[in-house]
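Structure data follow from run.csv (CSV, C-alpha atoms):
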```
chain,number,residue,atom,x,y,z
A,1,MET,CA,199.5,327.2,-26.4
A,2,ILE,CA,197.7,324.1,-25.1
A,3,VAL,CA,198.4,320.9,-26.9
A,4,ILE,CA,195.8,318.2,-26.7
A,5,LYS,CA,197.1,314.6,-27.0
A,6,HIS,CA,195.4,311.2,-27.3
A,7,SER,CA,196.6,307.7,-26.6
A,8,LEU,CA,199.2,309.3,-24.2
A,9,LEU,CA,200.8,307.5,-21.3
A,10,LEU,CA,200.9,310.1,-18.6
A,11,ARG,CA,204.6,310.6,-18.0
A,12,PHE,CA,204.4,313.5,-15.5
A,13,ALA,CA,208.1,313.2,-14.4
A,14,ASN,CA,208.9,314.9,-17.7
A,15,LEU,CA,205.8,317.1,-17.9
A,16,ALA,CA,207.2,319.9,-20.0
A,17,ALA,CA,208.3,317.6,-22.7
A,18,ALA,CA,205.2,315.5,-22.7
A,19,VAL,CA,202.5,318.2,-22.6
A,20,GLY,CA,202.3,321.5,-24.4
A,21,LEU,CA,202.2,324.4,-21.9
A,22,LEU,CA,201.0,328.0,-21.9
A,23,GLN,CA,203.4,330.7,-20.6
A,24,VAL,CA,201.5,333.5,-18.8
A,25,SER,CA,202.4,337.1,-18.7
A,26,THR,CA,204.3,338.5,-15.7
A,27,SER,CA,205.0,342.0,-14.4
A,28,SER,CA,208.4,342.0,-12.7
A,29,ARG,CA,209.4,344.2,-9.8
A,30,GLY,CA,213.0,344.9,-8.9
A,31,ALA,CA,212.5,343.8,-5.3
A,32,SER,CA,210.6,340.6,-6.0
A,33,GLY,CA,211.9,337.7,-4.0
A,34,ASP,CA,213.1,339.8,-1.1
A,35,LEU,CA,212.3,338.4,2.4
A,36,TYR,CA,210.5,340.7,4.9
A,37,VAL,CA,210.8,339.9,8.6
A,38,THR,CA,209.5,341.3,11.9
A,39,GLU,CA,210.9,340.9,15.4
A,40,THR,CA,208.8,340.1,18.5
A,41,ASP,CA,207.9,343.4,20.2
A,42,GLY,CA,210.2,345.3,17.8
A,43,THR,CA,209.5,348.5,15.8
A,44,THR,CA,211.1,347.6,12.4
A,45,ILE,CA,210.3,345.5,9.3
A,46,PHE,CA,213.6,344.3,7.9
A,47,LYS,CA,214.1,343.4,4.2
A,48,PHE,CA,216.6,340.7,3.1
A,49,ALA,CA,217.9,340.3,-0.5
A,50,SER,CA,218.5,336.8,-1.9
A,51,ASP,CA,222.2,337.0,-0.8
A,52,GLY,CA,221.2,337.7,2.8
A,53,SER,CA,222.0,341.4,2.8
A,54,GLN,CA,219.8,343.3,5.2
A,55,ALA,CA,218.1,346.7,5.0
A,56,THR,CA,215.4,348.5,6.9
A,57,PHE,CA,212.1,348.6,5.0
A,58,ALA,CA,209.9,350.4,7.6
A,59,SER,CA,210.5,351.6,11.1
A,60,GLY,CA,208.5,353.2,13.9
A,61,ILE,CA,205.8,350.6,13.8
A,62,GLY,CA,204.4,349.5,17.2
A,63,LYS,CA,205.0,345.8,17.6
A,64,PRO,CA,204.7,344.6,14.0
A,65,ARG,CA,203.5,341.1,13.8
A,66,GLY,CA,202.1,339.2,10.8
A,67,LEU,CA,203.0,340.1,7.3
A,68,ALA,CA,201.2,339.4,4.0
A,69,PHE,CA,201.5,340.7,0.4
A,70,ASP,CA,198.4,341.4,-1.7
A,71,GLY,CA,198.3,340.6,-5.5
A,72,MET,CA,199.6,344.1,-6.3
A,73,GLY,CA,202.7,343.7,-4.2
A,74,ASN,CA,201.6,345.9,-1.3
A,75,LEU,CA,202.8,344.8,2.1
A,76,PHE,CA,200.2,344.5,4.9
A,77,VAL,CA,201.4,344.4,8.5
A,78,ALA,CA,199.6,343.7,11.8
A,79,GLU,CA,200.5,346.6,14.2
A,80,ALA,CA,199.7,345.1,17.6
A,81,ALA,CA,200.5,348.2,19.6
A,82,THR,CA,197.7,350.3,17.9
A,83,GLY,CA,195.3,347.5,17.0
A,84,SER,CA,195.7,348.4,13.3
A,85,ILE,CA,196.5,346.9,9.9
A,86,LEU,CA,198.9,349.0,7.9
A,87,LYS,CA,199.3,348.9,4.1
A,88,ILE,CA,202.8,349.8,2.9
A,89,THR,CA,203.5,350.3,-0.8
A,90,SER,CA,206.9,349.3,-2.4
A,91,ASP,CA,208.1,352.9,-2.0
A,92,GLY,CA,207.3,352.9,1.7
A,93,THR,CA,204.1,354.9,1.6
A,94,ARG,CA,202.1,353.9,4.7
A,95,THR,CA,198.3,354.0,5.2
A,96,THR,CA,196.0,352.5,7.7
A,97,PHE,CA,193.9,349.7,6.1
A,98,ALA,CA,191.9,348.8,9.3
A,99,SER,CA,191.8,350.0,12.9
A,100,ASP,CA,190.1,349.4,16.2
A,101,LEU,CA,191.2,345.8,16.5
A,102,ARG,CA,192.2,344.2,19.8
A,103,ASP,CA,195.5,342.4,19.2
A,104,PRO,CA,196.1,341.6,15.5
A,105,ILE,CA,198.7,339.0,15.2
A,106,ALA,CA,198.6,337.0,11.9
A,107,LEU,CA,197.6,337.8,8.3
A,108,ALA,CA,196.9,335.8,5.1
A,109,PHE,CA,195.4,336.6,1.7
A,110,ASP,CA,193.1,334.2,-0.1
A,111,GLY,CA,193.2,333.9,-3.9
A,112,ALA,CA,190.3,336.4,-4.3
A,113,GLY,CA,192.2,339.2,-2.5
A,114,ASN,CA,190.4,339.0,0.8
A,115,LEU,CA,192.6,339.6,3.9
A,116,TYR,CA,192.2,337.3,6.9
A,117,VAL,CA,193.3,338.7,10.2
A,118,ALA,CA,193.8,336.8,13.4
A,119,ASP,CA,192.7,339.2,16.2
A,120,ASN,CA,193.2,337.9,19.7
A,121,GLY,CA,191.3,338.8,22.8
A,122,PRO,CA,192.3,339.5,26.4
A,123,CYS,CA,192.3,335.8,27.5
A,124,ASP,CA,194.8,333.0,26.9
A,125,ALA,CA,192.9,330.3,25.1
A,126,ASP,CA,189.6,331.0,23.4
A,127,CYS,CA,188.9,334.8,23.0
A,128,GLY,CA,190.4,335.3,19.5
A,129,MET,CA,188.7,335.7,16.2
A,130,ILE,CA,189.5,335.6,12.5
A,131,LEU,CA,188.3,338.7,10.6
A,132,ARG,CA,187.9,338.8,6.9
A,133,PHE,CA,188.3,342.1,5.0
A,134,THR,CA,187.4,342.5,1.3
A,135,PRO,CA,189.8,344.4,-0.9
A,136,ALA,CA,187.5,347.4,-0.3
A,137,GLY,CA,188.0,347.1,3.5
A,138,GLU,CA,184.6,345.6,4.4
A,139,LYS,CA,184.9,343.6,7.6
A,140,SER,CA,183.1,340.4,8.6
A,141,THR,CA,183.8,337.7,11.3
A,142,PHE,CA,185.1,334.4,9.8
A,143,ASN,CA,185.6,332.4,13.0
A,144,THR,CA,185.8,332.8,16.8
A,145,GLY,CA,186.9,330.7,19.8
A,146,TYR,CA,190.6,330.2,19.6
A,147,ASN,CA,193.8,332.0,20.5
A,148,PHE,CA,195.5,332.4,17.1
A,149,ARG,CA,199.2,332.5,16.2
A,150,TYR,CA,199.6,331.9,12.5
A,151,LEU,CA,197.5,331.7,9.3
A,152,ALA,CA,198.2,330.0,6.0
A,153,PHE,CA,196.2,328.8,3.0
A,154,ASP,CA,196.8,325.5,1.2
A,155,LEU,CA,196.8,325.1,-2.5
A,156,SER,CA,193.0,324.5,-2.7
A,157,GLY,CA,192.3,327.7,-0.8
A,158,ILE,CA,191.6,326.1,2.6
A,159,LEU,CA,192.6,328.2,5.6
A,160,PHE,CA,194.8,326.7,8.4
A,161,ALA,CA,195.6,328.3,11.7
A,162,ALA,CA,198.1,327.6,14.5
A,163,ILE,CA,196.4,328.1,17.8
A,164,GLY,CA,197.7,328.6,21.3
A,165,GLY,CA,196.7,327.0,24.5
A,166,PRO,CA,196.8,328.1,28.2
A,167,THR,CA,200.6,328.4,28.0
A,168,PHE,CA,202.9,329.6,25.2
A,169,GLN,CA,204.3,326.1,24.8
A,170,SER,CA,200.9,324.5,24.1
A,171,GLY,CA,198.7,324.8,21.1
A,172,GLY,CA,197.5,323.0,18.0
A,173,ILE,CA,196.5,323.2,14.3
A,174,VAL,CA,193.0,324.0,13.1
A,175,LYS,CA,191.5,323.7,9.6
A,176,PHE,CA,188.5,325.7,8.4
A,177,THR,CA,185.8,325.2,5.9
A,178,PRO,CA,185.0,328.1,3.5
A,179,ASP,CA,182.2,329.2,5.8
A,180,GLY,CA,184.4,329.3,8.9
A,181,GLN,CA,183.6,326.0,10.5
A,182,SER,CA,186.6,324.6,12.3
A,183,GLU,CA,188.3,321.2,12.7
A,184,VAL,CA,191.1,320.6,15.1
A,185,LEU,CA,193.8,318.5,13.4
A,186,SER,CA,196.2,318.2,16.3
A,187,ALA,CA,196.4,319.3,19.9
A,188,SER,CA,200.1,320.1,19.7
A,189,GLY,CA,202.2,322.1,17.5
A,190,GLY,CA,203.9,325.5,17.2
A,191,PRO,CA,203.3,328.9,15.5
A,192,GLY,CA,204.5,328.5,11.9
A,193,ILE,CA,202.6,326.9,9.0
A,194,ALA,CA,203.6,326.8,5.3
A,195,PHE,CA,202.7,324.7,2.2
A,196,ASP,CA,205.1,323.7,-0.6
A,197,THR,CA,204.2,323.4,-4.2
A,198,SER,CA,203.1,319.8,-3.9
A,199,GLY,CA,200.6,320.7,-1.1
A,200,SER,CA,202.6,319.2,1.8
A,201,ARG,CA,202.1,321.1,5.1
A,202,PHE,CA,205.1,322.1,7.2
A,203,GLU,CA,204.8,323.2,10.8
A,204,ALA,CA,207.2,324.7,13.3
A,205,ASN,CA,207.0,322.7,16.5
A,206,PHE,CA,207.7,323.8,20.1
A,207,ASN,CA,209.9,320.7,20.5
A,208,ASN,CA,212.5,322.3,18.3
A,209,LEU,CA,211.4,320.3,15.2
A,210,ILE,CA,210.1,321.2,11.8
A,211,LEU,CA,207.4,318.7,10.8
A,212,GLU,CA,206.1,317.7,7.4
A,213,PHE,CA,202.6,316.4,6.7
A,214,THR,CA,201.9,314.5,3.5
A,215,GLY,CA,199.0,312.6,4.9
A,216,THR,CA,201.1,311.3,7.8
A,217,GLU,CA,203.4,313.2,10.1
A,218,THR,CA,207.2,313.0,9.4
A,219,VAL,CA,210.1,315.0,10.8
A,220,PHE,CA,211.5,317.3,8.2
A,221,PHE,CA,214.3,318.6,10.4
A,222,THR,CA,215.2,317.4,13.9
A,223,SER,CA,218.2,319.4,15.2
A,224,GLU,CA,219.9,322.8,15.3
A,225,VAL,CA,216.7,324.8,15.5
A,226,ASP,CA,215.9,326.9,18.5
A,227,GLN,CA,212.3,328.0,19.1
A,228,PRO,CA,211.2,327.9,15.5
A,229,PHE,CA,208.5,330.4,14.7
A,230,GLY,CA,207.6,331.5,11.1
A,231,LEU,CA,207.9,329.5,8.0
A,232,ALA,CA,207.8,330.5,4.3
A,233,PHE,CA,209.0,329.0,1.0
A,234,ASP,CA,210.9,330.8,-1.7
A,235,GLY,CA,210.6,330.3,-5.5
A,236,GLU,CA,213.2,327.5,-5.6
A,237,GLY,CA,211.4,325.4,-3.0
A,238,ASN,CA,213.7,326.3,-0.1
A,239,LEU,CA,212.0,326.7,3.3
A,240,TYR,CA,212.9,329.7,5.4
A,241,GLU,CA,212.4,329.6,9.2
A,242,THR,CA,212.7,332.4,11.8
A,243,ASP,CA,214.7,330.9,14.6
A,244,SER,CA,213.5,333.0,17.5
A,245,GLY,CA,215.8,331.5,20.1
A,246,SER,CA,219.0,332.0,18.1
A,247,GLY,CA,218.0,335.3,16.5
A,248,SER,CA,218.6,333.8,13.0
A,249,ILE,CA,216.8,333.1,9.8
A,250,LEU,CA,217.5,329.5,8.7
A,251,LYS,CA,217.3,328.2,5.1
A,252,PHE,CA,216.5,324.5,4.4
A,253,SER,CA,216.8,323.1,0.9
A,254,PRO,CA,214.2,320.5,-0.3
A,255,ASP,CA,216.5,317.7,0.9
A,256,GLY,CA,216.6,319.2,4.4
A,257,SER,CA,220.1,320.5,4.5
A,258,ARG,CA,220.4,323.6,6.7
A,259,THR,CA,222.3,326.9,6.3
A,260,VAL,CA,222.1,330.2,8.2
A,261,PHE,CA,220.6,332.8,5.9
A,262,ALA,CA,220.8,335.8,8.3
A,263,SER,CA,221.7,336.3,12.0
A,264,GLY,CA,221.9,339.0,14.7
A,265,LEU,CA,218.2,339.6,15.0
A,266,THR,CA,216.2,339.8,18.2
A,267,GLN,CA,213.5,337.1,18.3
A,268,PRO,CA,212.6,337.1,14.6
A,269,SER,CA,209.0,336.0,14.1
A,270,TYR,CA,206.8,336.6,11.1
A,271,LEU,CA,208.1,336.6,7.6
A,272,ALA,CA,206.8,336.9,4.0
A,273,PHE,CA,208.4,336.9,0.5
A,274,GLU,CA,207.6,339.8,-1.9
A,275,PRO,CA,205.9,338.3,-4.9
A,276,VAL,CA,206.1,338.8,-8.6
A,277,THR,CA,202.8,340.2,-9.6
A,278,GLU,CA,201.4,338.0,-12.3
A,279,LYS,CA,198.2,337.2,-14.2
A,280,LEU,CA,197.0,334.0,-15.9
A,281,ARG,CA,195.2,334.3,-19.2
A,282,ASN,CA,192.0,332.3,-19.5
A,283,ILE,CA,192.6,329.2,-21.7
A,284,SER,CA,190.5,326.4,-23.1
A,285,ALA,CA,190.6,323.4,-25.5
A,286,ARG,CA,188.2,320.8,-26.8
A,287,ALA,CA,188.7,317.2,-27.9
A,288,LEU,CA,187.3,313.7,-27.9
A,289,VAL,CA,187.8,311.8,-24.6
A,290,GLY,CA,188.2,308.0,-25.0
A,291,THR,CA,189.0,305.2,-22.5
A,292,GLU,CA,192.3,304.2,-20.8
A,293,ASP,CA,195.0,306.6,-21.9
A,294,ASN,CA,192.9,308.4,-24.4
A,295,VAL,CA,192.3,311.4,-22.1
A,296,LEU,CA,192.1,315.1,-22.6
A,297,ILE,CA,195.1,317.0,-21.2
A,298,GLY,CA,195.5,320.7,-20.8
A,299,GLY,CA,198.9,321.9,-19.5
A,300,PHE,CA,199.6,325.5,-18.3
A,301,ILE,CA,202.3,327.4,-16.6
A,302,VAL,CA,201.8,330.0,-13.9
A,303,GLY,CA,204.8,332.4,-14.4
A,304,GLY,CA,206.8,334.3,-11.9
A,305,ASN,CA,208.9,333.2,-9.0
A,306,ALA,CA,206.5,331.0,-7.1
A,307,LEU,CA,206.0,333.5,-4.3
A,308,ALA,CA,202.5,334.6,-5.1
A,309,ASN,CA,199.5,332.2,-5.1
A,310,ASN,CA,197.1,332.7,-8.0
A,311,ALA,CA,193.5,331.6,-7.7
A,312,VAL,CA,192.4,329.5,-10.7
A,313,LEU,CA,189.3,327.7,-11.7
A,314,VAL,CA,189.7,324.5,-13.8
A,315,ARG,CA,186.6,323.1,-15.5
A,316,ALA,CA,185.7,320.0,-17.4
A,317,ILE,CA,182.6,320.6,-19.5
A,318,GLY,CA,180.6,317.9,-21.2
A,319,PRO,CA,176.8,317.9,-21.0
A,320,SER,CA,176.5,321.7,-21.6
A,321,LEU,CA,178.2,321.3,-25.0
A,322,SER,CA,175.0,320.0,-26.4
A,323,GLN,CA,173.5,323.5,-26.1
A,324,ALA,CA,176.3,324.7,-28.5
A,325,GLY,CA,175.4,322.1,-31.1
A,326,VAL,CA,178.2,319.7,-30.2
A,327,SER,CA,177.3,316.1,-30.9
A,328,ASN,CA,178.3,313.2,-28.7
A,329,PRO,CA,179.2,315.4,-25.6
A,330,LEU,CA,180.9,313.6,-22.7
A,331,ALA,CA,178.0,312.9,-20.3
A,332,ASP,CA,180.0,312.7,-17.0
A,333,PRO,CA,183.5,314.3,-17.1
A,334,ALA,CA,185.9,313.7,-14.3
A,335,LEU,CA,188.8,316.1,-13.6
A,336,GLU,CA,192.2,315.9,-12.1
A,337,LEU,CA,194.8,318.6,-11.4
A,338,HIS,CA,198.5,317.6,-11.2
A,339,ASN,CA,201.7,319.6,-10.5
A,340,ALA,CA,204.9,319.4,-12.4
A,341,SER,CA,206.1,316.3,-10.7
A,342,GLY,CA,202.9,314.5,-11.4
A,343,ALA,CA,201.5,314.6,-7.9
A,344,LEU,CA,197.8,314.9,-7.7
A,345,ILE,CA,196.7,318.3,-6.2
A,346,ALA,CA,193.0,317.8,-6.5
A,347,SER,CA,190.3,315.8,-8.3
A,348,ASN,CA,186.5,316.2,-8.8
A,349,ASP,CA,183.7,314.4,-10.5
A,350,ASP,CA,180.5,316.4,-9.9
A,351,TRP,CA,181.3,320.0,-9.1
A,352,GLN,CA,178.6,320.4,-6.4
A,353,ASP,CA,180.2,317.6,-4.3
A,354,ASP,CA,183.2,319.7,-3.3
A,355,GLN,CA,184.0,323.4,-3.1
A,356,GLU,CA,180.6,324.5,-4.2
A,357,THR,CA,180.8,327.7,-2.2
A,358,GLU,CA,184.1,328.9,-3.7
A,359,ILE,CA,183.1,327.8,-7.3
A,360,THR,CA,179.7,329.6,-7.1
A,361,ALA,CA,181.3,332.8,-5.8
A,362,THR,CA,183.5,333.0,-8.9
A,363,GLY,CA,180.4,333.3,-11.2
A,364,LEU,CA,181.9,330.4,-13.3
A,365,ALA,CA,179.9,327.5,-12.0
A,366,PRO,CA,179.1,324.9,-14.7
A,367,GLY,CA,175.7,324.6,-16.1
A,368,ASP,CA,175.2,320.9,-15.4
A,369,PRO,CA,175.7,319.1,-12.1
A,370,ASN,CA,177.6,316.3,-13.8
A,371,GLU,CA,180.4,318.6,-14.9
A,372,SER,CA,183.6,318.9,-12.9
A,373,THR,CA,185.4,321.9,-11.4
A,374,ILE,CA,188.4,322.5,-9.2
A,375,TYR,CA,189.2,325.8,-7.4
A,376,ALA,CA,192.9,326.1,-6.4
A,377,THR,CA,195.4,328.8,-5.4
A,378,LEU,CA,198.6,327.9,-7.1
A,379,PRO,CA,202.1,329.2,-6.8
A,380,ALA,CA,204.2,329.6,-10.0
A,381,GLY,CA,205.0,326.4,-11.8
A,382,SER,CA,203.7,324.0,-14.5
A,383,TYR,CA,200.4,322.2,-14.0
A,384,THR,CA,198.3,319.7,-15.9
A,385,ALA,CA,194.5,319.3,-16.1
A,386,VAL,CA,193.4,315.7,-17.0
A,387,VAL,CA,189.8,315.0,-18.2
A,388,ARG,CA,188.4,311.5,-18.2
A,389,GLY,CA,185.0,310.0,-18.6
A,390,ALA,CA,183.6,308.7,-15.3
A,391,GLY,CA,182.8,305.0,-15.6
A,392,ASP,CA,184.9,304.8,-18.8
A,393,THR,CA,182.3,306.9,-20.7
A,394,THR,CA,183.4,308.6,-23.9
A,395,GLY,CA,182.6,311.8,-25.7
A,396,VAL,CA,183.6,315.3,-26.6
A,397,ALA,CA,184.8,317.5,-23.6
A,398,LEU,CA,186.1,320.9,-23.0
A,399,VAL,CA,188.9,321.7,-20.5
A,400,GLU,CA,189.1,325.3,-19.3
A,401,VAL,CA,191.4,327.2,-17.0
A,402,TYR,CA,190.3,330.6,-15.6
A,403,SER,CA,192.2,333.2,-13.6
A,404,VAL,CA,190.0,334.4,-10.7
A,405,SER,CA,192.7,336.4,-9.0
A,406,GLN,CA,192.3,340.0,-8.1
```
Re-express the file's structure as structure tokens.
Amino acid sequence: MIVIKHSLLLRFANLAAAVGLLQVSTSSRGASGDLYVTETDGTTIFKFASDGSQATFASGIGKPRGLAFDGMGNLFVAEAATGSILKITSDGTRTTFASDLRDPIALAFDGAGNLYVADNGPCDADCGMILRFTPAGEKSTFNTGYNFRYLAFDLSGILFAAIGGPTFQSGGIVKFTPDGQSEVLSASGGPGIAFDTSGSRFEANFNNLILEFTGTETVFFTSEVDQPFGLAFDGEGNLYETDSGSGSILKFSPDGSRTVFASGLTQPSYLAFEPVTEKLRNISARALVGTEDNVLIGGFIVGGNALANNAVLVRAIGPSLSQAGVSNPLADPALELHNASGALIASNDDWQDDQETEITATGLAPGDPNESTIYATLPAGSYTAVVRGAGDTTGVALVEVYSVSQ
């Protein structure tokens, strides 16, 4: 259940004890948490259990590159040799999801179940494109003009790409708006990108570094990596890296300590964790919002093993409540979303000021421009929505959390 508290000092370090939480339902699969890996110019997708034991999941694939799981646990793989995207179910059944591509290399799903495919062209620097496929397979062009290497979504559903330059050792990082407009964040970098549960961005760097970005650049790991390529986080917050030069998969704990998870591969490249398929129930609660610490708090837990991102819409409703006969509605609610450690993931005052496209697309846009909404794609964990009155205003407000995942 959600517990609403007043006159509460926000003690997010002990969130589970301070705020009531909702446990969501999950659907477990026996292989959830397994790591899937491709090799550069290979023909096989390997599967690794949590203890590092190795098995062959699929073979006879022509140059498998990028990997991504959909919300139902199906594995999608870019088959560069045939210009196709293959869909492979958990029992190994293989179908062609898309064909007639030029050089598909990287894949990523958004929270609504759309598949983004980096499809490069015949030149070295600017002939690639990102294609977007709906769950039904309808194709559109999202962006053009770069040579792409890797795709990843952050917690707010924003797409990032690692791009290449005239030589393999050159490249950069690009961020995209929801309509496909690009912003180059850096003119150097490497292929791999991953985001942890606090929203920090990690990058594999061609200088044999793993970098962490939390607003500023820091070095997460600085030695004993050899041509780092792919990056992915498991459910415990450990970072896995395909170490192409050494033929290994390296595992880094949150404090940066390094162990060899698997070895004996030939230029391992792309990787993906098999998720627990899960679903968040829609939840809501209403209370009087005061000033200072008298805020409205709604806590919720996304269940599972943190390997699948779940698209959620969090709303703070105030002015629209008057239409339902609520007296003294909060005229201008302001909304914050925090993770389990208390870190601020996102905030919003008036919903049309930010993420208007994503919010409108869900069909859940608020009825008043002064109401607040946050769209986010969240891995498993506990979260807290906090509603205040902008400018210390007071009144009755409603906090809501909707699942908008496929």
- Query: Which one of A:Ala55, A:Ala80, A:Val117, A:Ile193 sits closest to Leu211 (chain A) if you count all atoms listed in the file?
  - Reply: A:Ile193
- 8 Å contact set for Ser90 (chain A), only C-alpha atoms, chain neighbours under 5 positions out, as a list in words: Gly73, Asn74 and Leu75 of chain A
With C-alpha atoms retained, export the selected residues as a PDB file, in the frame of the given file.
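File written: again-v2.pdb
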```pdb
ATOM      1  CA  GLY A  73     202.700 343.700  -4.200  1.00  0.00           C
ATOM      2  CA  ASN A  74     201.600 345.900  -1.300  1.00  0.00           C
ATOM      3  CA  LEU A  75     202.800 344.800   2.100  1.00  0.00           C
TER       4      LEU A  75
END
```
- May I ask for the distance between CA of Ile283 (chain A) and CA of Pro319 (chain A), given in Å to one decimal place?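 It comes out at 19.4 Å.
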- Skip Ile45 (chain A) itself and residues of its chain fewer than 3 positions away, then list as a PyMOL selection string all residues within 7 Å of it, counting only C-alpha atoms. chain A and resi 36-38+56-59
Atoms kept (C-alpha atoms) for selection, written as a PDB file, in the frame of the given file:
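Generated output (selection.pdb):
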```pdb
ATOM      1  CA  TYR A  36     210.500 340.700   4.900  1.00  0.00           C
ATOM      2  CA  VAL A  37     210.800 339.900   8.600  1.00  0.00           C
ATOM      3  CA  THR A  38     209.500 341.300  11.900  1.00  0.00           C
ATOM      4  CA  THR A  56     215.400 348.500   6.900  1.00  0.00           C
ATOM      5  CA  PHE A  57     212.100 348.600   5.000  1.00  0.00           C
ATOM      6  CA  ALA A  58     209.900 350.400   7.600  1.00  0.00           C
ATOM      7  CA  SER A  59     210.500 351.600  11.100  1.00  0.00           C
TER       8      SER A  59
END
```
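Across the model, the gap from CA of Gly71 (chain A) to CA of Val302 (chain A) is 14.0 Å.
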- Query: What is the distance between CA of Ala346 (chain A) and CA of Ile359 (chain A), in Å to one decimal?
  - Reply: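 Interatomic distance here is 14.1 Å.
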- Select all residues near (214.7, 326.7, 17.3) (cut-off 9 Å, inclusive, file coordinates), counting all atoms listed in the file, and output them as a ChimeraX atom specification. /A:204-209,223-229,241-246
- Have a look at A:Gly381, A:Asp34, A:Thr218, A:Phe233 and name the one nearest to Ala49 (chain A); count only C-alpha atoms. A:Asp34
- Item | Long-range neighbours of Pro366 (chain A) as a PyMOL selection string, 10 Å cut-off, all atoms listed in the file, 2 positions minimum in chain | chain A and resi 315-320+350-352+359-360+363-364+368-373
- Message: Using all atoms listed in the file, can you tell me which of A:Phe213, A:Phe195, A:Phe153, A:Phe97 comes closest to Lys139 (chain A)?
- Response: A:Phe97
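For the set A:Gly113, A:Phe76, A:Asn328, A:Ala81, the residue with the smallest atom-to-atom gap to Gly60 (chain A) is A:Ala81, counting all atoms listed in the file.
Minimum atom-to-atom distance to Ala118 (chain A), evaluated using all atoms listed in the file, belongs to A:Gly145 out of A:Gly92, A:Gly264, A:Gly33, A:Gly145.
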Give me the residues near Leu86 (chain A) as a PDB file with C-alpha atoms, in the coordinates of the input, where near means some atom within 10 Å (using all atoms listed in the file) and where sequence neighbours in that chain fewer than 2 positions away do not count.
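Okay, selection-v6.pdb is ready:
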```
ATOM      1  CA  ILE A  61     205.800 350.600  13.800  1.00  0.00           C
ATOM      2  CA  PRO A  64     204.700 344.600  14.000  1.00  0.00           C
ATOM      3  CA  LEU A  67     203.000 340.100   7.300  1.00  0.00           C
ATOM      4  CA  LEU A  75     202.800 344.800   2.100  1.00  0.00           C
ATOM      5  CA  PHE A  76     200.200 344.500   4.900  1.00  0.00           C
ATOM      6  CA  VAL A  77     201.400 344.400   8.500  1.00  0.00           C
ATOM      7  CA  ALA A  78     199.600 343.700  11.800  1.00  0.00           C
ATOM      8  CA  GLU A  79     200.500 346.600  14.200  1.00  0.00           C
ATOM      9  CA  GLY A  83     195.300 347.500  17.000  1.00  0.00           C
ATOM     10  CA  SER A  84     195.700 348.400  13.300  1.00  0.00           C
ATOM     11  CA  ILE A  88     202.800 349.800   2.900  1.00  0.00           C
ATOM     12  CA  THR A  89     203.500 350.300  -0.800  1.00  0.00           C
ATOM     13  CA  ARG A  94     202.100 353.900   4.700  1.00  0.00           C
ATOM     14  CA  THR A  95     198.300 354.000   5.200  1.00  0.00           C
ATOM     15  CA  THR A  96     196.000 352.500   7.700  1.00  0.00           C
ATOM     16  CA  PHE A  97     193.900 349.700   6.100  1.00  0.00           C
ATOM     17  CA  ALA A  98     191.900 348.800   9.300  1.00  0.00           C
ATOM     18  CA  SER A  99     191.800 350.000  12.900  1.00  0.00           C
TER      19      SER A  99
END
```
- Task: Please identify all polymer residues within 10 Å of Leu321 (chain A), counting all atoms listed in the file, omitting same-chain residues fewer than 2 positions from it, and present them as a ChimeraX atom specification.
- Result: /A:317-319,323-331,367,396-398
- Message: Nearest residue to Asn238 (chain A) out of A:Ile210, A:Ala136, A:Leu250, A:Ala272, using all atoms listed in the file?
- Response: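 Once distances to Asn238 (chain A) are computed over all atoms listed in the file, the minimum belongs to A:Leu250.
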For region 323-392 of chain A versus region 172-178 of chain A, which residues have an atom no more than 9 Å away, and what is each residue's nearest atom pair and distance in Å rounded to one decimal, using all atoms listed in the file, chain-then-number order, as JSON lines?
```
{"residue": "A:Gln355", "atom": "CA", "partner": "A:Pro178", "partner_atom": "CA", "distance": 8.2}
{"residue": "A:Thr357", "atom": "CA", "partner": "A:Pro178", "partner_atom": "CA", "distance": 7.1}
{"residue": "A:Glu358", "atom": "CA", "partner": "A:Pro178", "partner_atom": "CA", "distance": 7.3}
```
